[in-house]
Structures are given as C-alpha cells and as structure tokens.
file structure15.txt (compact mmCIF, C-alpha atoms)
# COMPACT_ATOMS: atom_id res chain seq x y z
CA MET A 1 54.66 62.44 43.89
CA GLY A 2 54.84 62.73 40.13
CA ILE A 3 57.30 64.79 38.14
CA HIS A 4 54.63 67.41 37.28
CA GLN A 5 53.82 67.97 40.94
CA LYS A 6 57.52 68.26 41.74
CA ILE A 7 58.03 70.85 39.02
CA THR A 8 54.96 72.78 40.16
CA GLY A 9 56.23 72.66 43.75
CA LEU A 10 59.67 73.88 42.68
CA PHE A 11 58.10 76.66 40.61
CA LEU A 12 56.02 77.80 43.59
CA LEU A 13 59.09 77.74 45.85
CA VAL A 14 61.13 79.79 43.37
CA SER A 15 58.25 82.24 42.93
CA THR A 16 58.10 82.67 46.70
CA LEU A 17 61.82 83.38 46.83
CA ILE A 18 61.56 85.93 44.03
CA TYR A 19 58.57 87.50 45.76
CA SER A 20 60.55 87.72 48.99
CA GLN A 21 63.43 89.40 47.17
CA GLU A 22 61.08 92.10 45.99
CA LYS A 23 59.98 92.92 49.51
CA PRO A 24 61.32 96.20 50.86
CA SER A 25 64.04 96.12 53.49
CA TYR A 26 62.38 96.62 56.86
CA PHE A 27 65.67 96.86 58.72
CA GLN A 28 67.10 100.32 58.18
CA PRO A 29 68.33 103.31 60.17
CA SER A 30 65.72 104.82 62.52
CA VAL A 31 63.96 101.50 63.09
CA LEU A 32 62.91 101.13 66.72
CA ARG A 33 62.34 97.56 67.82
CA ALA A 34 61.29 95.98 71.09
CA SER A 35 60.08 92.75 72.60
CA ALA A 36 59.66 90.79 75.80
CA THR A 37 60.04 87.09 76.32
CA ILE A 38 60.91 84.35 78.79
CA ALA A 39 64.64 83.62 78.72
CA PRO A 40 65.79 80.34 80.31
CA THR A 41 69.19 81.10 81.83
CA ARG A 42 71.79 78.78 83.31
CA PHE A 43 73.95 80.11 86.16
CA TYR A 44 76.53 77.44 85.58
CA THR A 45 78.76 78.11 88.57
CA GLN A 46 75.72 77.87 90.85
CA GLN A 47 74.32 74.90 88.90
CA THR A 48 70.99 76.69 88.78
CA THR A 49 68.65 77.30 85.88
CA VAL A 50 66.32 80.25 86.14
CA ALA A 51 63.41 81.63 84.15
CA LEU A 52 64.14 85.29 83.51
CA ILE A 53 61.71 87.73 81.96
CA ASN A 54 63.71 89.56 79.30
CA GLY A 55 62.68 92.82 77.67
CA PHE A 56 64.67 94.96 75.26
CA ILE A 57 64.38 98.11 73.23
CA GLU A 58 66.75 98.86 70.36
CA TYR A 59 67.19 101.76 67.95
CA VAL A 60 69.02 101.34 64.65
CA LEU A 61 71.47 104.24 64.29
CA GLU A 62 73.16 103.20 61.03
CA ASN A 63 72.92 100.33 58.57
CA ARG A 64 75.02 98.15 60.85
CA ILE A 65 75.00 99.90 64.23
CA SER A 66 72.27 100.02 66.85
CA VAL A 67 71.96 101.12 70.46
CA ARG A 68 70.14 98.80 72.81
CA GLY A 69 68.90 98.61 76.39
CA GLU A 70 67.53 95.56 78.10
CA ALA A 71 66.48 94.18 81.44
CA ASN A 72 66.15 90.69 82.93
CA ILE A 73 63.97 90.08 85.93
CA MET A 74 63.79 86.78 87.75
CA ALA A 75 60.23 85.60 87.46
CA PRO A 76 58.37 85.17 90.78
CA ASN A 77 59.34 81.71 91.94
CA GLY A 78 61.62 81.90 88.94
CA LYS A 79 63.97 79.07 89.88
CA LEU A 80 61.51 76.86 88.10
CA LEU A 81 63.66 74.48 86.22
CA TYR A 82 66.44 73.22 88.41
CA THR A 83 68.41 74.45 91.36
CA ASN A 84 71.14 72.74 93.29
CA SER A 85 72.38 75.35 95.76
CA PRO A 86 69.49 77.55 96.87
CA GLU A 87 71.41 78.96 99.85
CA LYS A 88 74.02 80.49 97.51
CA PHE A 89 71.61 82.07 95.09
CA PRO A 90 69.88 85.48 95.22
CA ARG A 91 66.27 85.63 96.36
CA ASN A 92 65.59 88.45 93.92
CA TYR A 93 67.58 89.18 90.78
CA THR A 94 67.31 91.93 88.19
CA SER A 95 69.89 92.94 85.61
CA ILE A 96 69.96 96.05 83.43
CA TYR A 97 72.26 96.48 80.44
CA ALA A 98 72.85 99.14 77.79
CA GLY A 99 75.20 98.94 74.84
CA PHE A 100 75.59 98.70 71.11
CA GLY A 101 74.84 96.11 68.45
CA TYR A 102 76.48 95.28 65.13
CA HIS A 103 74.30 93.82 62.38
CA LEU A 104 75.40 91.74 59.42
CA GLY A 105 73.41 90.14 56.65
CA LYS A 106 71.28 91.29 53.79
CA ARG A 107 67.91 92.95 53.66
CA ASN A 108 65.51 91.37 56.13
CA TRP A 109 67.55 88.57 57.61
CA LYS A 110 70.19 89.86 59.99
CA PHE A 111 72.82 88.37 62.25
CA ASP A 112 73.51 90.49 65.29
CA ILE A 113 76.17 90.75 67.97
CA HIS A 114 75.79 92.96 71.04
CA ALA A 115 78.13 94.12 73.79
CA GLU A 116 76.41 95.67 76.79
CA PRO A 117 77.87 96.83 80.13
CA GLY A 118 75.38 96.88 82.97
CA VAL A 119 74.52 96.18 86.58
CA VAL A 120 72.90 93.38 88.55
CA ILE A 121 70.60 94.30 91.40
CA ALA A 122 70.23 91.29 93.68
CA GLU A 123 69.01 90.41 97.14
CA MET A 124 71.18 87.91 99.01
CA GLU A 125 70.78 86.12 102.30
CA GLN A 126 73.32 87.53 104.81
CA GLN A 127 73.42 85.19 107.81
CA PRO A 128 72.14 81.82 106.63
CA PHE A 129 73.21 79.77 109.63
CA LEU A 130 73.03 82.16 112.57
CA ILE A 131 69.74 83.99 112.56
CA VAL A 132 66.24 82.75 111.86
CA PRO A 133 64.59 84.28 109.91
CA ALA A 134 67.70 85.16 107.91
CA PRO A 135 68.27 88.83 107.01
CA TYR A 136 68.50 89.78 103.34
CA GLN A 137 70.38 92.66 101.75
CA TRP A 138 70.21 94.28 98.32
CA SER A 139 73.37 95.12 96.40
CA VAL A 140 74.30 96.53 93.00
CA SER A 141 77.09 94.72 91.15
CA PRO A 142 78.86 95.53 87.88
CA SER A 143 78.23 93.11 85.06
CA TYR A 144 78.39 92.81 81.29
CA MET A 145 76.51 90.90 78.62
CA LEU A 146 77.62 89.58 75.23
CA LYS A 147 74.89 88.49 72.89
CA GLY A 148 74.64 86.94 69.44
CA GLY A 149 71.55 86.16 67.45
CA THR A 150 69.54 86.42 64.32
CA SER A 151 66.40 88.29 63.34
CA PHE A 152 64.04 87.88 60.42
CA TYR A 153 61.95 90.93 59.48
CA PHE A 154 58.93 89.49 57.72
CA SER A 155 56.54 92.44 57.81
CA LYS A 156 56.45 96.16 58.27
CA TYR A 157 55.87 95.82 62.01
CA CYS A 158 56.93 92.33 63.11
CA HIS A 159 60.02 90.16 63.16
CA PHE A 160 61.21 86.91 64.67
CA PHE A 161 64.36 86.83 66.73
CA ALA A 162 66.48 84.18 68.43
CA GLU A 163 69.45 85.04 70.65
CA ILE A 164 72.01 83.42 72.89
CA ASN A 165 73.74 85.44 75.57
CA TYR A 166 76.59 85.22 78.04
CA SER A 167 77.01 87.52 81.00
CA ASN A 168 79.26 87.66 84.01
CA GLY A 169 79.74 89.48 87.30
CA TRP A 170 80.06 88.97 91.05
CA ILE A 171 77.75 89.68 93.94
CA ARG A 172 80.20 90.76 96.66
CA LYS A 173 77.80 91.63 99.47
CA THR A 174 77.58 88.12 100.88
CA PRO A 175 78.57 86.68 104.28
CA PHE A 176 81.13 84.30 102.80
CA MET A 177 82.59 83.90 99.32
CA SER A 178 81.29 86.23 96.63
CA VAL A 179 78.68 84.70 94.36
CA SER A 180 79.46 84.40 90.67
CA ILE A 181 76.62 85.29 88.35
CA ALA A 182 78.29 83.90 85.24
CA GLN A 183 75.46 82.68 83.06
CA TYR A 184 74.34 81.81 79.58
CA GLY A 185 70.81 81.95 78.32
CA ILE A 186 68.59 81.88 75.30
CA SER A 187 65.68 84.01 74.23
CA ALA A 188 63.48 83.90 71.18
CA GLY A 189 60.13 85.16 70.07
CA LEU A 190 58.15 87.69 68.15
CA GLY A 191 59.46 91.25 68.13
CA PHE A 192 57.86 94.47 67.02
CA HIS A 193 59.45 97.29 65.09
CA LEU A 194 58.56 100.67 63.71
CA LEU A 195 60.27 103.00 61.27
CA THR A 196 60.50 106.29 63.16
CA LYS A 197 61.79 108.49 60.34
CA LYS A 198 60.67 108.52 56.73
CA LYS A 199 63.29 108.91 54.00
CA MET B 1 94.56 170.80 88.20
CA ILE B 2 97.36 168.38 89.10
CA LEU B 3 94.76 165.74 89.91
CA PHE B 4 93.09 166.28 86.53
CA ALA B 5 96.48 165.85 84.76
CA LYS B 6 97.10 162.64 86.70
CA ILE B 7 93.73 161.21 85.71
CA GLN B 8 94.32 162.23 82.10
CA ASN B 9 97.72 160.48 82.11
CA GLN B 10 96.23 157.35 83.60
CA ILE B 11 93.46 157.26 81.00
CA LEU B 12 95.98 157.74 78.20
CA SER B 13 98.26 154.98 79.50
CA TYR B 14 95.24 152.71 79.94
CA LEU B 15 94.23 153.37 76.32
CA ARG B 16 97.78 152.69 75.12
CA TYR B 17 97.69 149.43 77.11
CA MET B 18 94.27 148.53 75.72
CA LYS B 19 95.46 149.37 72.21
CA GLY B 20 98.09 146.63 72.53
CA ILE B 21 95.57 144.10 73.77
CA LEU B 22 93.11 145.07 71.02
CA LEU B 23 95.86 144.69 68.43
CA ILE B 24 96.75 141.18 69.69
CA PHE B 25 93.05 140.25 69.86
CA THR B 26 92.43 141.47 66.30
CA LEU B 27 95.48 139.61 64.98
CA THR B 28 94.43 136.40 66.78
CA LEU B 29 90.93 136.69 65.37
CA GLY B 30 92.43 137.32 61.95
CA PHE B 31 94.55 134.16 62.22
CA CYS B 32 91.46 132.21 63.27
CA PHE B 33 89.55 133.32 60.17
CA LEU B 34 92.64 132.78 58.00
CA GLY B 35 92.89 129.28 59.46
CA GLN B 36 89.25 128.65 58.65
CA ALA B 37 89.70 129.58 55.01
CA ASP B 38 92.38 126.91 54.46
CA ARG B 39 91.06 124.32 56.81
CA LYS B 40 89.69 120.96 55.70
CA TYR B 41 87.34 118.88 57.78
CA THR B 42 88.66 118.47 61.32
CA PRO B 43 87.37 116.10 64.00
CA ALA B 44 87.77 118.84 66.64
CA GLY B 45 84.58 119.44 68.58
CA MET B 46 83.28 115.90 68.16
CA LEU B 47 81.31 114.69 71.17
CA SER B 48 80.85 110.94 71.77
CA LEU B 49 78.84 109.10 74.38
CA GLY B 50 79.65 105.59 75.54
CA GLY B 51 79.51 102.79 78.06
CA ARG B 52 82.49 100.94 79.48
CA THR B 53 83.44 97.89 81.41
CA THR B 54 86.65 97.71 83.45
CA VAL B 55 88.84 95.03 84.99
CA SER B 56 91.11 96.03 87.88
CA LEU B 57 94.29 93.95 88.17
CA PHE B 58 97.44 93.77 90.30
CA ASN B 59 95.91 95.77 93.15
CA ASP B 60 98.44 96.98 95.71
CA HIS B 61 96.08 96.30 98.59
CA GLU B 62 97.12 93.14 100.41
CA ASN B 63 95.10 90.06 99.35
CA GLU B 64 92.89 92.11 97.01
CA MET B 65 91.72 90.11 94.02
CA THR B 66 90.76 91.09 90.50
CA GLY B 67 87.94 93.62 90.42
CA THR B 68 85.24 94.22 87.84
CA GLY B 69 83.53 97.46 87.01
CA VAL B 70 80.99 99.27 84.92
CA GLY B 71 80.77 102.89 83.91
CA GLY B 72 80.05 105.54 81.35
CA GLN B 73 81.96 108.25 79.58
CA PHE B 74 81.74 111.06 77.14
CA ARG B 75 84.57 111.92 74.79
CA LEU B 76 85.32 115.40 73.51
CA ARG B 77 87.90 115.87 70.79
CA PHE B 78 90.00 119.04 70.81
CA SER B 79 92.05 118.57 67.65
CA ASP B 80 93.12 116.00 65.10
CA ALA B 81 95.74 114.62 67.51
CA VAL B 82 94.15 115.28 70.91
CA ASN B 83 91.02 113.77 72.42
CA THR B 84 89.66 113.65 75.99
CA ASP B 85 87.66 111.07 77.96
CA TRP B 86 85.45 112.14 80.88
CA PHE B 87 84.46 109.01 82.76
CA PHE B 88 82.73 107.45 85.74
CA ASP B 89 83.53 103.92 86.94
CA TYR B 90 81.99 101.72 89.63
CA ILE B 91 84.37 98.87 90.50
CA THR B 92 84.01 96.09 93.07
CA SER B 93 86.60 93.53 94.19
CA ASP B 94 87.16 90.93 96.89
CA ILE B 95 89.85 90.96 99.56
CA LEU B 96 90.15 87.20 99.82
CA ASN B 97 86.94 86.01 101.46
CA TYR B 98 86.94 88.30 104.52
CA ALA B 99 86.20 91.71 102.98
CA HIS B 100 85.14 93.40 99.76
CA ARG B 101 86.01 96.75 98.30
CA THR B 102 84.01 99.26 96.25
CA ASP B 103 85.65 102.05 94.23
CA TYR B 104 84.00 104.98 92.49
CA HIS B 105 86.22 106.80 89.99
CA ILE B 106 85.27 110.08 88.38
CA GLY B 107 87.87 111.73 86.19
CA TRP B 108 89.30 112.62 82.84
CA SER B 109 92.07 111.50 80.51
CA VAL B 110 93.80 113.15 77.59
CA LEU B 111 94.26 110.88 74.56
CA PHE B 112 97.09 111.71 72.20
CA TYR B 113 97.29 110.07 68.75
CA PRO B 114 101.06 109.97 68.02
CA ILE B 115 100.91 108.50 64.52
CA ASN B 116 97.72 110.12 63.34
CA GLN B 117 99.43 111.75 60.37
CA LEU B 118 100.21 108.45 58.64
CA ALA B 119 98.40 107.79 55.38
CA TYR B 120 96.82 104.64 56.89
CA PHE B 121 94.55 106.76 59.10
CA ARG B 122 93.09 108.81 56.26
CA GLN B 123 89.63 107.65 55.27
CA GLU B 124 88.83 107.55 51.57
CA GLU B 125 85.31 108.03 50.27
CA GLU B 126 84.34 104.50 51.21
CA PHE B 127 84.77 103.99 54.94
CA LYS B 128 87.08 101.18 56.08
CA PRO B 129 87.36 99.98 59.70
CA LYS B 130 90.67 101.06 61.22
CA PHE B 131 92.65 100.79 64.44
CA ARG B 132 93.76 104.14 65.88
CA PRO B 133 96.31 103.78 68.73
CA TYR B 134 96.78 106.40 71.43
CA ILE B 135 98.75 107.33 74.54
CA LEU B 136 96.64 108.44 77.47
CA ALA B 137 97.22 110.28 80.75
CA GLY B 138 94.84 111.87 83.21
CA HIS B 139 93.53 112.40 86.68
CA CYS B 140 90.58 111.22 88.73
CA PHE B 141 88.94 111.54 92.11
CA ASP B 142 87.97 108.34 93.84
CA TYR B 143 85.94 107.16 96.78
CA SER B 144 86.73 103.73 98.22
CA LYS B 145 84.90 101.71 100.81
CA ILE B 146 86.07 98.43 102.31
CA GLU B 147 83.52 96.32 104.16
CA ALA B 148 83.85 93.11 106.11
CA LYS B 149 82.12 90.19 104.42
CA ASP B 150 79.83 89.57 107.37
CA GLY B 151 79.41 93.34 107.63
CA PHE B 152 79.06 93.48 111.41
CA SER B 153 81.13 92.75 114.48
CA PRO B 154 79.31 92.05 117.78
CA LEU B 155 81.90 94.18 119.63
CA ASP B 156 82.70 96.95 117.16
CA GLY B 157 79.47 97.34 115.18
CA PRO B 158 79.53 97.81 111.40
CA MET B 159 82.91 96.81 110.02
CA SER B 160 83.87 99.17 107.24
CA ALA B 161 86.30 101.95 106.38
CA GLU B 162 86.15 104.56 103.64
CA ARG B 163 88.33 107.26 102.12
CA TRP B 164 88.36 109.97 99.46
CA SER B 165 91.50 110.35 97.42
CA SER B 166 92.91 111.58 94.17
CA ALA B 167 94.72 109.57 91.52
CA VAL B 168 96.66 109.93 88.30
CA GLN B 169 96.69 107.43 85.47
CA ALA B 170 98.59 106.80 82.25
CA GLY B 171 98.59 104.08 79.65
CA LEU B 172 98.09 102.96 76.07
CA GLY B 173 95.06 102.08 74.03
CA THR B 174 93.49 101.81 70.63
CA HIS B 175 90.17 102.58 69.01
CA LEU B 176 88.67 100.17 66.54
CA GLU B 177 86.58 102.44 64.33
CA LEU B 178 83.81 100.30 62.90
CA SER B 179 81.84 103.11 61.28
CA PRO B 180 82.37 106.85 60.82
CA ARG B 181 80.57 107.40 64.14
CA PHE B 182 81.04 104.21 66.15
CA ASP B 183 84.17 102.82 67.79
CA ILE B 184 85.25 100.23 70.33
CA SER B 185 88.19 101.31 72.50
CA LEU B 186 90.52 99.09 74.51
CA THR B 187 92.74 100.81 77.08
CA GLY B 188 95.37 99.51 79.52
CA GLN B 189 96.53 102.00 82.14
CA TYR B 190 98.18 102.17 85.53
CA MET B 191 96.42 104.27 88.15
CA ILE B 192 98.30 105.59 91.20
CA HIS B 193 96.25 106.77 94.19
CA LEU B 194 97.85 109.77 95.86
CA GLY B 195 95.90 110.30 99.06
CA ASN B 196 95.01 108.52 102.27
CA HIS B 197 94.82 104.76 102.18
CA ILE B 198 93.18 101.99 104.15
CA GLU B 199 94.87 98.80 105.26
CA THR B 200 93.08 95.69 106.41
CA ASP B 201 94.61 93.38 109.01
CA TYR B 202 93.14 89.92 109.14
CA ASP B 203 94.13 87.26 111.60
CA PHE B 204 93.67 83.94 109.85
CA THR B 205 93.77 82.06 113.17
CA THR B 206 91.12 83.99 115.05
CA GLY B 207 89.28 85.49 112.08
CA ALA B 208 89.61 89.00 113.58
CA LEU B 209 89.50 91.81 111.04
CA SER B 210 90.55 95.43 111.64
CA PHE B 211 90.90 98.49 109.43
CA ASN B 212 93.73 101.03 109.69
CA GLU B 213 93.50 104.38 107.95
CA HIS B 214 96.83 105.97 107.03
CA LYS B 215 97.00 109.66 106.19
CA GLY B 216 99.41 111.22 103.75
CA ALA B 217 100.71 110.37 100.33
CA SER B 218 100.92 106.76 99.31
CA LEU B 219 101.73 105.32 95.91
CA ALA B 220 99.23 102.46 95.98
CA GLY B 221 97.96 101.67 92.53
CA HIS B 222 96.43 99.16 90.15
CA VAL B 223 96.22 98.27 86.48
CA LEU B 224 92.92 99.04 84.78
CA VAL B 225 91.91 97.42 81.51
CA THR B 226 88.88 99.14 80.01
CA LEU B 227 86.73 98.26 77.04
CA SER B 228 84.41 101.04 75.93
CA LEU B 229 81.80 101.44 73.21
CA ASN B 230 81.37 104.97 71.88
CA TYR B 231 79.06 106.72 69.47
CA LYS B 232 79.57 110.24 68.12
CA ILE B 233 76.45 112.21 68.86
CA ALA B 234 77.29 115.83 68.06
CA LYS B 235 79.88 118.20 66.64
CA LEU B 236 80.18 121.14 68.98
CA TRP B 237 82.61 123.12 66.84
CA GLY B 238 84.90 122.66 63.87
CA PHE B 239 84.91 123.63 60.23
CA THR B 240 84.54 122.18 56.78
CA ARG B 241 85.80 123.68 53.54
CA ARG B 242 83.03 125.40 51.62
call {"tool": "encode", "arguments": {"input": "structure15.txt", "output": "structure tokens"}}
result
Amino acid sequence: MGIHQKITGLFLLVSTLIYSQEKPSYFQPSVLRASATIAPTRFYTQQTTVALINGFIEYVLENRISVRGEANIMAPNGKLLYTNSPEKFPRNYTSIYAGFGYHLGKRNWKFDIHAEPGVVIAEMEQQPFLIVPAPYQWSVSPSYMLKGGTSFYFSKYCHFFAEINYSNGWIRKTPFMSVSIAQYGISAGLGFHLLTKKK
Amino acid sequence: MILFAKIQNQILSYLRYMKGILLIFTLTLGFCFLGQADRKYTPAGMLSLGGRTTVSLFNDHENEMTGTGVGGQFRLRFSDAVNTDWFFDYITSDILNYAHRTDYHIGWSVLFYPINQLAYFRQEEEFKPKFRPYILAGHCFDYSKIEAKDGFSPLDGPMSAERWSSAVQAGLGTHLELSPRFDISLTGQYMIHLGNHIETDYDFTTGALSFNEHKGASLAGHVLVTLSLNYKIAKLWGFTRR
C-alpha cells in the first residue's frame, strides 16, 4: 500500500469520525428501548450451562438514570450446552427482574450498570428417589441481578448492546438441600429504541 | 319558658365554645399562610417508588441460616428531617437441611435525618452525589410459614406450621443520592417479633421433625440488611418561593 493510499484511507477514517460526531445523540431522556436475545448462562454451583431467552424493556428517565424490567425463560430443552447434575436442576425456570440503570459515556456510546431485585419461578423435582414418575412442584424464590454492559446507538431506532450479568438466589422448596441459582451470563444483540417525547 | 331559656343558654355556650375553636383554627391557618410566605423549597410531600433486596442474618430460630428476600416500597417525606418508608418484603431461609421458612413483612418505618442541617447536605445549582445518613424505627406485620423439606410425613400429613405476628424494628442507614430524583439506600436494622412463635424440633438420629407453636410474647428477632433503589415520582404537597 503506497503512501497516497494510506493518506486517503486516513482521511476517510477521520471524515467518518467527524461525521459521527455530528450525529445527534439518540440516547436521551424519554427513550424507550427493548430487545430479546438468547443469553447463555452458567449456573456455576450446579455446573450447568443453560440457554435462556432474555427480553428487556427500559425507559430512560434522566440523562444517566433508567428504569428497566426484564425476564429470562429457560428455552425448551434449554440445557443445551452442558449439564452435570440434572437431578439438582429445575425442570422449568423463569426469572423476572425490575430495577434501575446508571449510564455513563458520551453521546451514542454508553456504558451501563444495572441493579435489579426480582424473583425466580422454578419447577423442581420433589421425590427423585422414591416415586416414579417423580412429582414436581413450582416455587417462587427471591433473587437479584447485577448487570454491566455497553450500548452503541447508531441510528434513530436501532442500537447494538452487549451485557454480562450476575444473579443469585436459592430455591428452597426441594426435598434435600436448597438449590443455589447463582449464575453469570452474557447477552448481546440488536436492540430497538424510540424517543417517546419530543423536546 | 324555662325549657326555652335552657336551650338558649346551651346555644350561647355552644357558640362561645365554637368561637374559641374558630379562633384557634383561623390562627393556625394564618400561621400556615405566614409559613408559606417565608418558606423556601422543601422536600416535604415527595413520593418515591422503589425496589429492594434484603438479607436476613443472625436469626433467633434454632439452626436457621441466612435468608434472602425481595420486596418493594414507597417513600413519603413529611419534612426536611423526617421521611417514611412503606414496604413489603418476601424473605426465604433454610433451617439447616430439614426445613425452610418463608416470611412476608408488610410495614412502615420513620426515617430521621439527624445531621440534615449541615452545609454538606445543601445542593448548589449543579447537583453533586451525596450520602445522607438516617436513623430509622418502625413497625410491621408479618406472616411466617415453616415447612419440612420433604413437605410430607406419612403419619402426620403435610409438615408445616404458620403464624401471624407483629414486629418492631430500628436501625441505621444512608441514602446515596445519585441524581436529584434517584437514590440508593442501604439500611441495617434489628427486627423483634412480638407475637406467637414457632419452634422446630429435629431429631438428628431418627430424622423426625415436629413443630411447636408457642403463644404469647417472645423477643425473637433478626438483623435485616436492605438495599433499595428509589425514584421520586411525585410531589404531593410542599411549597416553593415565588
């Protein structure tokens, strides 16, 4: 690559950066954003990795503060990746969280942290060794989720996001020891947003 | 004629009595308006909504382990120095590996800001995040249920016991105000249950579990550490200088 091509390339890159600086800020109060994605999640105390379907909806209240609700549902046959202790793991698993987010960064590239209390609704086997077929029972358990991530708002309606989360809780309604649902997971994808109020 | 005089006297005394009340009422109203004229912005009347997560520690129940909970609250501020939390908590915990306990708390706490007058707590034009410590005390109603882990005994049927009781709590905490409307609050408090209580007897040799309900006052309690996230959604009353 000659020097002229390098200079032209550099010029184009700089022009792109300047162009991007002139773009309006899509992240602002009253933005409503939502998405759904597959979130691989590791229940590390159970040594089980699960495919969860994650969906969230978030409303930006202030420049840095948002309120957010989200749900994770274990995909049908969701223990796709690896499981080591199937008898100690729920047959069905859904978690629902609601909390607040704090957003840092400039203009259209944001770094976010979220803290969300919530509940886990799970169905556990109750008598694994005594009765065939084994009875199952649903229970609701307190839980919480901490989440950190980044989002890039590249158009008026779309953004990319990537997040890592940690959540914890215990399913107590079990025949023996309670089951820890401590887990970490990742989620990423294309999100959609909409400005709900005009200035 | 005598009856008429009696009625007349009663009416007159009633009016004299009412005159006093009307005078006090008018003066009070006057002070209220006078107060308004000199009053700057006050946080009184501010309503917040939030979610919370709770850890229950040092439970008095024998063999009970650390519990975890989730809940919600709204917060209504009465004056610059006094706030109130109105909360609901759902807490679960293990009693070793033979039983588990579920607690529902619904109650209220008064938050008092003892050093709110210090210059540190005044916000200038540009908002700065600040800690705001408080002392808290309150009351709650609670419903507790203890269930055997296997949930069923072949001889006795479902193995569980439940009770309603009342409790009082007191502790310390602090808000971390991250924006004019948003705060994170961390509270540590001791809650004493004042009503009936349930005891579990477990025979580690035979594995037999039984529940005993004791009536009357008991000072069983636990430490609750609560982290809540709150957002101010409305101002129900309060004044600003015109």
call {"tool": "interface_residues", "arguments": {"input": "structure15.txt", "of": "chain A", "to": "chain B", "cutoff": "7 Å", "atoms": "all atoms listed in the file", "output": "PyMOL selection string"}}
result
chain A and resi 99+117-118+142-143+172-177
call {"tool": "atom_distance", "arguments": {"input": "structure15.txt", "atom1": "atom CA of A:Tyr26", "atom2": "atom CA of A:Arg107"}}
result
7.4 Å
call {"tool": "atom_distance", "arguments": {"input": "structure15.txt", "atom1": "atom CA of A:Arg42", "atom2": "atom CA of A:Trp109"}}
result
27.8 Å
call {"tool": "residues_around", "arguments": {"input": "structure15.txt", "residues": "stretch 182-187 of chain A", "least_positions_apart": "2", "cutoff": "6 Å", "atoms": "all atoms listed in the file", "output": "list in words"}}
result
Ala39, Pro40, Thr41, Arg42, Phe43, Tyr44, Ala162, Glu163, Ile164, Asn165, Tyr166, Ser167, Asn168 and Ser180 of chain A
call {"tool": "write_last_selection", "arguments": {"input": "structure15.txt", "atoms": "C-alpha atoms", "output": "CSV table (one decimal), in the frame of the given file"}}
result
chain,number,residue,atom,x,y,z
A,39,ALA,CA,64.6,83.6,78.7
A,40,PRO,CA,65.8,80.3,80.3
A,41,THR,CA,69.2,81.1,81.8
A,42,ARG,CA,71.8,78.8,83.3
A,43,PHE,CA,74.0,80.1,86.2
A,44,TYR,CA,76.5,77.4,85.6
A,162,ALA,CA,66.5,84.2,68.4
A,163,GLU,CA,69.4,85.0,70.6
A,164,ILE,CA,72.0,83.4,72.9
A,165,ASN,CA,73.7,85.4,75.6
A,166,TYR,CA,76.6,85.2,78.0
A,167,SER,CA,77.0,87.5,81.0
A,168,ASN,CA,79.3,87.7,84.0
A,180,SER,CA,79.5,84.4,90.7
call {"tool": "closest_atom_pairs", "arguments": {"input": "structure15.txt", "of": "stretch 105-197 of chain B", "to": "stretch 202-215 of chain B", "cutoff": "8 Å", "atoms": "only C-alpha atoms", "output": "CSV"}}
result
residue,atom,partner,partner_atom,distance
B:Ala148,CA,B:Leu209,CA,7.6
B:Met159,CA,B:Ser210,CA,7.9
B:Ser160,CA,B:Phe211,CA,7.4
B:Ala161,CA,B:Phe211,CA,6.5
B:Gly195,CA,B:Lys215,CA,7.2
B:Asn196,CA,B:Lys215,CA,4.5
B:His197,CA,B:His214,CA,5.4
call {"tool": "residues_near_point", "arguments": {"input": "structure15.txt", "point": "(96.3, 101.9, 67.6)", "cutoff": "7 Å", "atoms": "only C-alpha atoms", "output": "PyMOL selection string"}}
result
chain B and resi 131-134+173-175
call {"tool": "closest_residue", "arguments": {"input": "structure15.txt", "among": "A:Thr150, A:Arg91, A:Met74, A:Val120", "to": "A:Pro135", "atoms": "all atoms listed in the file"}}
result
A:Arg91
call {"tool": "atom_distance", "arguments": {"input": "structure15.txt", "atom1": "atom CA of B:Leu236", "atom2": "atom CA of B:Ala81"}}
result
16.9 Å
call {"tool": "closest_residue", "arguments": {"input": "structure15.txt", "among": "A:Thr94, A:Ser155, A:Gln5, A:Ser178", "to": "A:Leu194", "atoms": "all atoms listed in the file"}}
result
A:Ser155
call {"tool": "residues_near_point", "arguments": {"input": "structure15.txt", "point": "(74.2, 88.6, 96.2)", "cutoff": "7 Å", "atoms": "only C-alpha atoms", "output": "PyMOL selection string"}}
result
chain A and resi 90+122-124+139+171-174+179
call {"tool": "closest_residue", "arguments": {"input": "structure15.txt", "among": "A:Val67, A:Met145, A:Leu52, A:Ile113", "to": "B:Leu49", "atoms": "only C-alpha atoms"}}
result
A:Val67
call {"tool": "residues_around", "arguments": {"input": "structure15.txt", "residues": "stretch 56-58 of chain B", "least_positions_apart": "3", "cutoff": "7 Å", "atoms": "only C-alpha atoms", "output": "list in words"}}
result
Thr66, Gly67, Thr68, His222, Val223, Leu224 and Val225 of chain B
call {"tool": "residues_around", "arguments": {"input": "structure15.txt", "residues": "B:Glu177", "least_positions_apart": "6", "cutoff": "6 Å", "atoms": "all atoms listed in the file", "output": "PyMOL selection string"}}
result
chain B and resi 129-130+183
call {"tool": "residues_around", "arguments": {"input": "structure15.txt", "residues": "A:Ala71", "least_positions_apart": "5", "cutoff": "10 Å", "atoms": "all atoms listed in the file", "output": "count of residues only"}}
result
15
call {"tool": "closest_residue", "arguments": {"input": "structure15.txt", "among": "A:Gln46, A:Ser141, A:Ser30, A:Asn72", "to": "A:Gly169", "atoms": "all atoms listed in the file"}}
result
A:Ser141
call {"tool": "closest_residue", "arguments": {"input": "structure15.txt", "among": "A:Tyr136, A:Tyr93, A:Phe152, A:Tyr102", "to": "A:Phe27", "atoms": "all atoms listed in the file"}}
result
A:Phe152
